[in-house]
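A short worksheet on the structure shown next.
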4 protein chains.
Amino acid sequence: MVVVMKPGTQQREIDKLVAQFQLQGLTVGITNGVGCTILGLVGDTTAVDMDKISINEHVERVMRVQEPFKKANRKFHPEDSVVTVGSAKIGGGNFSVIAGPCSVESEDQIIEVAQDVQKSGATMLRGGAFKPRTSPYSFQGMGTPGLDLLLEAKAATGLPIVTEIMSPKYCELFEEKVDVVQVGARNMQNFDLLKEVGRMSKPILLKRGLSSTYEEWIMSAEYIMSEGNENVILCERGIRTFETYTRNTLDVSAIPAIRRMSHLPIVVDPSHSGGYYWLVEPLALAAVAAGADGLIIEVHNNPSCAKCDGQQSLTPENFDHLMNKVENLVSVTGKTLVK
Amino acid sequence: MVVVMKPGTQQREIDKLVAQFQLQGLTVGITNGVGCTILGLVGDTTAVDMDKISINEHVERVMRVQEPFKKANRKFHPEDSVVTVGSAKIGGGNFSVIAGPCSVESEDQIIEVAQDVQKSGATMLRGGAFKPRTSPYSFQGMGTPGLDLLLEAKAATGLPIVTEIMSPKYCELFEEKVDVVQVGARNMQNFDLLKEVGRMSKPILLKRGLSSTYEEWIMSAEYIMSEGNENVILCERGIRTFETYTRNTLDVSAIPAIRRMSHLPIVVDPSHSGGYYWLVEPLALAAVAAGADGLIIEVHNNPSCAKCDGQQSLTPENFDHLMNKVENLVSVTGKTLVK
Amino acid sequence: MVVVMKPGTQQREIDKLVAQFQLQGLTVGITNGVGCTILGLVGDTTAVDMDKISINEHVERVMRVQEPFKKANRKFHPEDSVVTVGSAKIGGGNFSVIAGPCSVESEDQIIEVAQDVQKSGATMLRGGAFKPRTSPYSFQGMGTPGLDLLLEAKAATGLPIVTEIMSPKYCELFEEKVDVVQVGARNMQNFDLLKEVGRMSKPILLKRGLSSTYEEWIMSAEYIMSEGNENVILCERGIRTFETYTRNTLDVSAIPAIRRMSHLPIVVDPSHSGGYYWLVEPLALAAVAAGADGLIIEVHNNPSCAKCDGQQSLTPENFDHLMNKVENLVSVTGKTLVK
Amino acid sequence: MVVVMKPGTQQREIDKLVAQFQLQGLTVGITNGVGCTILGLVGDTTAVDMDKISINEHVERVMRVQEPFKKANRKFHPEDSVVTVGSAKIGGGNFSVIAGPCSVESEDQIIEVAQDVQKSGATMLRGGAFKPRTSPYSFQGMGTPGLDLLLEAKAATGLPIVTEIMSPKYCELFEEKVDVVQVGARNMQNFDLLKEVGRMSKPILLKRGLSSTYEEWIMSAEYIMSEGNENVILCERGIRTFETYTRNTLDVSAIPAIRRMSHLPIVVDPSHSGGYYWLVEPLALAAVAAGADGLIIEVHNNPSCAKCDGQQSLTPENFDHLMNKVENLVSVTGKTLVK
């Protein structure tokens with residue numbers, strides 16, 4: 001941590017602050033210049049509250065030099081983490097594709113889509129039973145019966161299930177029925193939910209919030225990991241910017257940046273990132289080329305009748321077409337497409 | 001709703017779509033131009049799913065012409081709503097100030113601050129018992145015992161209590177102990193929580209999400225109202241932009257815009273908007289001048305020892321100083337400062 | 001400046017870097033911790049290129065601790081600067097209002113508006129002769145003849161003229177005819193233009209770029225000042241955010257922030273900030289309350305026939321009404337409305 | 001164009017407006033609903049000023065249904081445009097790489113880098129002679145002598161030259177000496193400059209502004225094209241968002257979006273997008289995979305001594321390594337790498 005003193009601060013005020021840091025067990029280095037003193041603080045600074053220091057009237061600025069996350073930090077865990085779900089693996093050179101409809105609508109629909117995406121190479125099935133919708137008047141998902149339909153599709157195909165949890169009250173149910181628990185973008189900083197899923201035994205797919213920085217996103221993973229669950233998959237799904245032609249803006253730089261900051265695997269959701277079916281392919285391919293560990297893609301057997309997000313869903317045919325390109329590209333990147 | 005057909009669409013495709021809308025009970029007006037046909041749809045379009053129309057291969061664009069919210073819509077409720085809490089009123093020309101520390105820390109602290117802010121003219125006490133913190137390693141609030149300390153401060157001063165709820169599991173507790181239930185910015189689209197607080201009898205203070213549009217914000221109020229609780233106070237607390245010199249960017253235009261769109265009262269939180277104590281006064285005054293119905297301000301009796309947000313807290317002296325200016329300004333705006 | 005070394009960097013690499021800084025005349029303080037070394041650099045660091053240091057393979061991060069601007073910096077010039085234009089003054093407790101149409105359209109129009117706004121208390125006349133329009137097919141302004149009409153309006157009223165320059169080639173013309181030279185938001189980082197207007201003798205009104213930070217904005221003022229022209233007025237006119245209900249988002253925090261960083265006066269343009277006439281009054285009043293030194297407002301005698309920006313222009317009646325409120329509010333803030 | 005009337009507007013007001021549109025030669029379709037009337041306008045609406053209509057007191061909203069650009073519009077020019085520079089081609093299935101240092105620094109430097117990038121497969125040389133720098137105290141480029149060094153490098157290698165113009169006053173010089181004229185992000189809406197380069201005979205590489213929408217960007221291309229120069233290459237170089245870990249945020253969706261909206265070729269600058277050398281490769285590959293027509297990359301023979309942007313420059317070795325991957329990937333996408 002670095003503390004910059006205001007120009008003209010008296011020596012005894014600096015001494016007082018230094019003594020205070022030393023009492024906290026820190027080593028303090030002092031750089032004295034004309035009208036500017038810089039304090040360098042090393043040691044375990046995680047317990048030091050930057051905000052408190054910054055309100056000292058003699059302090060001009062406080063800057064952190066170390067990341068505030070530990071368990072998710074690549075510095076302390078240099079090798080890639082690999083998350084295993086059934087026969088699928090994500091991370092550490094393994095590339096997996098999750099696919100399925102935005103929401104579970106009927107037994108026929110979910111089983112048909114599951115079989116289709118499996119045929120094309122997906123190794124996990126996504127599908128929403130509980131849907132976060134902007135309007136209270138929109139379809140809110142089938143709820144618990146939707147989970148059971150997902151289980152039927154799993155029985156029919158063997159594909160593990162990825163689905164979103166929206167409230168801590170469903171943790172027990174999800175622990176029993178679901179293979180990967182998704183925490184949605186809008187709940188990325190629902191800290192009570194993060195703590196609860198941190199006590200589950202299932203891997204968590206943590207979507208990035210619409211306006212969350214990389215650091216905030218990793219800190220949310222840290223919430224989950226600090227409760228004991230270290231199987232976290234990060235999912236970039238587009239951020240909110242001034243550009244409204246696309247639904248969101250895919251931040252493709254998140255892939256190399258997260259790989260540098262953290263050992264956790266990162267997958268990309270090209271469906272929500274763009275918001276239109278014609279954007280899914282170019283964004284999916286861009287994600288693969290930039291080094292993603294997997295993709296999560298919306299596929300519907302009849303997009304024009306989908307109860308939600310039809311405009312960004314691929315048909316099984318288009319998904320199959322895309323998977324051929326993905327397979328090609330994954331092999332170029334040196335990763336292994338898990339099938 | 002307006003549907004723009006792609007250039008060159010054949011007449012029978014247009015007819016098919018028109019028939020489909022008519023089956024849904026809508027009136028359809030057709031404007032035919034060279035290479036461009038526009039369909040105007042009127043009637044109850046709330047049941048029409050724009051996304052579904054937009055994936056019709058002959059459709060270029062779909063545009064909504066009416067707001068998707070009803071209960072919160074000023075069009076259907078032209079007069080200002082007034083929320084009453086104890087002797088305080090917010091909205092309809094009534095201006096109230098909520099003040100108190102970021103988090104409840106001790107009996108002495110909360111009672112002392114409550115007495116101080118009351119003396120200066122605040123009519124409600126804020127204080128966090130459950131704290132949403134970016135880091136799992138930061139102070140997470142006192143929890144339930146914090147609520148009891150707030151009740152002691154209420155007993156000592158008569159000030160109603162405003163505090164944040166972070167999980168549906170606390171609804172019963174808050175229903176019993178709290179006067180205004182705050183839903184924080186990070187939970188603005190925690191739809192399960194919105195539905196649950198929509199069944200409470202207490203007024204809800206709904207903070208705007210960091211990157212939520214006015215419409216999304218009002219739709220979240222609509223979630224609460226559609227469950228039966230129409231006592232919603234909107235709270236602007238700064239949005240996230242590219243500018244990082246301030247913690248957030250106060251969107252002062254939200255005040256007149258929300259007043260135009262909705263009948264719900266709107267208050268402003270200048271403490272979180274700016275993030276620094278020296279910004280609180282100018283931002284608070286700007287909010288009053290722009291027509292806000294109230295303010296919610298962080299005040300701590302010893303900011304440099306505050307367990308959180310000390311750098312943006314006012315001392316009781318500075319708060320008193322600010323309240324003199326606020327009182328002056330409120331009277332200039334023609335509103336009544338509730339004391 | 002602070003340089004953080006990568007964990008595990010060998011001592012001789014650190015020594016090499018330290019020697020390099022000392023050769024540049026800097027004093028270097030070293031803080032050594034387990035797996036983390038921090039270098040504090042003091043002295044004249046303006047000549048040090050942060051980017052160059054940051055590509056040293058042993059360096060983790062470089063952080064500046066001092067602002068990169070000098071002439072505009074309040075630290076080196078604690079008193080407010082006052083810009084004087086005719087009888088008008090902006091800054092140092094003086095509050096002035098600039099008003100007039102978006103663009104000059106005819107002799108009658110500009111003289112009539114000039115007389116109207118003068119009657120209501122404006123002390124400078126704005127009006128565009130050269131207009132920056134998003135589309136090449138939109139009205140581009142009257143050009144040089146527009147300047148002459150502004151001069152006629154000045155002759156009729158005595159009001160000094162504020163108008164926008166779009167190319168260095170007009171500097172001579174503007175030097176001769178114009179009283180305050182406006183550099184628009186889109187040209188805030190047109191560095192060639194900044195240098196040229198920095199050699200003019202007339203005050204410069206420098207609008208903030210749509211996505212410019214406070215620091216970048218002040219650095220653009222620094223460009224002008226470094227060429228010799230220290231009469232710079234900063235103008236906040238709204239920034240671009242994700243919210244599209246308003247044309248731009250007025251960043252009202254810019255007022256106290258700029259006043260803290262710089263001694264230059266700051267005025268606000270509520271017309272472009274909001275983009276709609278019904279937003280002008282609340283935003284103007286918010287700006288006054290937050291401590292602005294002046295306002296620049298679009299007024300048109302017939303907004304529905306305006307050649308541009310009619311939807312955000314006030315009628316002379318509405319402007320008069322607003323000026324009454326502004327006068328009231330300015331007196332409450334302790335400033336003097338220059339009339 | 002669509003005009004939505006306010007609820008309760010009287011029929012004669014609607015009639016008046018309709019008549020007014022018909023006088024402008026437009027066909028108007030009227031959809032009447034309870035409390036809502038929608039007017040559909042077809043015909044040549046480019047001359048209709050939306051802003052003027054929107055200030056009619058009976059109008060609730062005006063929405064455009066057609067793009068405001070013509071010459072750059074793919075609808076009126078379905079085939080890809082191809083820009084040819086020497087032996088290089090960009091667009092229509094041709095993929096070209098432009099490479100070179102941020103700024104020209106010396107004869108040795110520019111010739112050496114030119115030879116290096118040519119060896120690795122670049123077909124155009126970039127290098128700044130006039131540099132837009134945030135600070136007036138930073139290196140501003142060599143100016144005209146820099147152009148002559150570029151010409152020497154061209155003589156030595158045959159590579160055409162791409163370099164940035166910052167003021168209309170250099171148009172003649174650039175016409176004579178430069179092969180592709182770059183308009184930088186900060187000048188994307190410097191309309192005077194756009195008009196002037198629109199009269200040049202050389203292709204223009206138009207960078208996207210930091211906070212410009214796709215539409216604004218294409219409208220700036222339209223400025224150039226409307227003056228007669230239709231050889232415009234669009235260049236995505238990252239936009240400004242809330243995320244500050246990277247210098248800018250590469251908007252990879254711009255590639256498929258621009259290809260849908262316009263026939264102009266689009267290239268990507270991964271160096272400025274990310275701001276760090278370790279981001280260049282993943283972002284470059286993402287751009288290729290998403291369908292870009294080319295890349296423009298900063299390469300320096302000694303990045304740690306570069307006069308600017310060293311931290312985002314590749315060494316010739318790293319560039320060569322990247323070009324192998326690019327070549328591989330371009331062939332996978334079905335395009336032809338021009339060498």
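Each chain in the structure tokens gets a letter, A, B, ..., in the order shown, and its residues are numbered from 1; ligands are numbered from 1 in order too.
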For the contact check between chain C and chain A, emit one row per residue of chain C within 8 Å, containing the shortest atom pair and the distance in Å rounded to one decimal, counting only C-alpha atoms, chain then rising number order, as a Markdown table.
| residue | atom | partner | partner_atom | distance |
| --- | --- | --- | --- | --- |
| C:Val2 | CA | A:Val2 | CA | 7.9 |
| C:Val4 | CA | A:Val65 | CA | 7.0 |
| C:Thr27 | CA | A:Gly33 | CA | 7.2 |
| C:Val28 | CA | A:Thr31 | CA | 6.6 |
| C:Gly29 | CA | A:Thr31 | CA | 4.5 |
| C:Ile30 | CA | A:Gly29 | CA | 6.2 |
| C:Thr31 | CA | A:Gly29 | CA | 4.5 |
| C:Asn32 | CA | A:Val42 | CA | 7.1 |
| C:Gly33 | CA | A:Val42 | CA | 5.1 |
| C:Val34 | CA | A:Gly43 | CA | 7.0 |
| C:Cys36 | CA | A:Val42 | CA | 7.1 |
| C:Thr37 | CA | A:Val42 | CA | 7.9 |
| C:Ile38 | CA | A:Gly40 | CA | 6.1 |
| C:Leu39 | CA | A:Gly40 | CA | 7.6 |
| C:Gly40 | CA | A:Thr31 | CA | 5.7 |
| C:Leu41 | CA | A:Thr31 | CA | 7.1 |
| C:Val42 | CA | A:Gly33 | CA | 5.1 |
| C:Gly43 | CA | A:Gly33 | CA | 6.1 |
| C:Arg61 | CA | A:Val65 | CA | 7.8 |
| C:Val65 | CA | A:Val4 | CA | 7.0 |
| C:Arg240 | CA | A:Phe242 | CA | 6.8 |
| C:Thr241 | CA | A:Phe242 | CA | 5.4 |
| C:Phe242 | CA | A:Phe242 | CA | 4.4 |
| C:Glu243 | CA | A:Phe242 | CA | 7.5 |
Inset, instruction - Enumerate as an NGL selection string all residues of stretch 157-336 of chain B assigned to alpha helix (DSSP H) by DSSP on the backbone, naming them with the chain letters and numbers the document uses. - result: :B and (157 or 171-177 or 191-197 or 214-226 or 254-261 or 270-274 or 277-289 or 316-333)
Inset, instruction - Please provide as a ChimeraX atom specification all residues within 9 Å of stretch 138-152 of chain C, with the sequence filter that same-chain residues fewer than 4 positions apart are discarded (counting only C-alpha atoms). - result: /C:103-107,110-111,125-134,156-157,160-161,163,173-174,177-178,307-308 /D:47,49
Inset, instruction - Go through B:Gly91, B:Pro68, B:Gly86, B:Pro168 and flag the residue nearest A:Pro136, using only C-alpha atoms for the distances. - result: B:Pro68
Inset, instruction - Using backbone DSSP assignments, extract all strand (DSSP E or B) residues from stretch 21-262 of chain D; output them as a PyMOL selection string. - result: chain D and resi 27-33+36-42+59-63+73+83-85+88-91+94-100+103+124-126+128+161-165+180-183+204-207+232-236+239+249+251+262
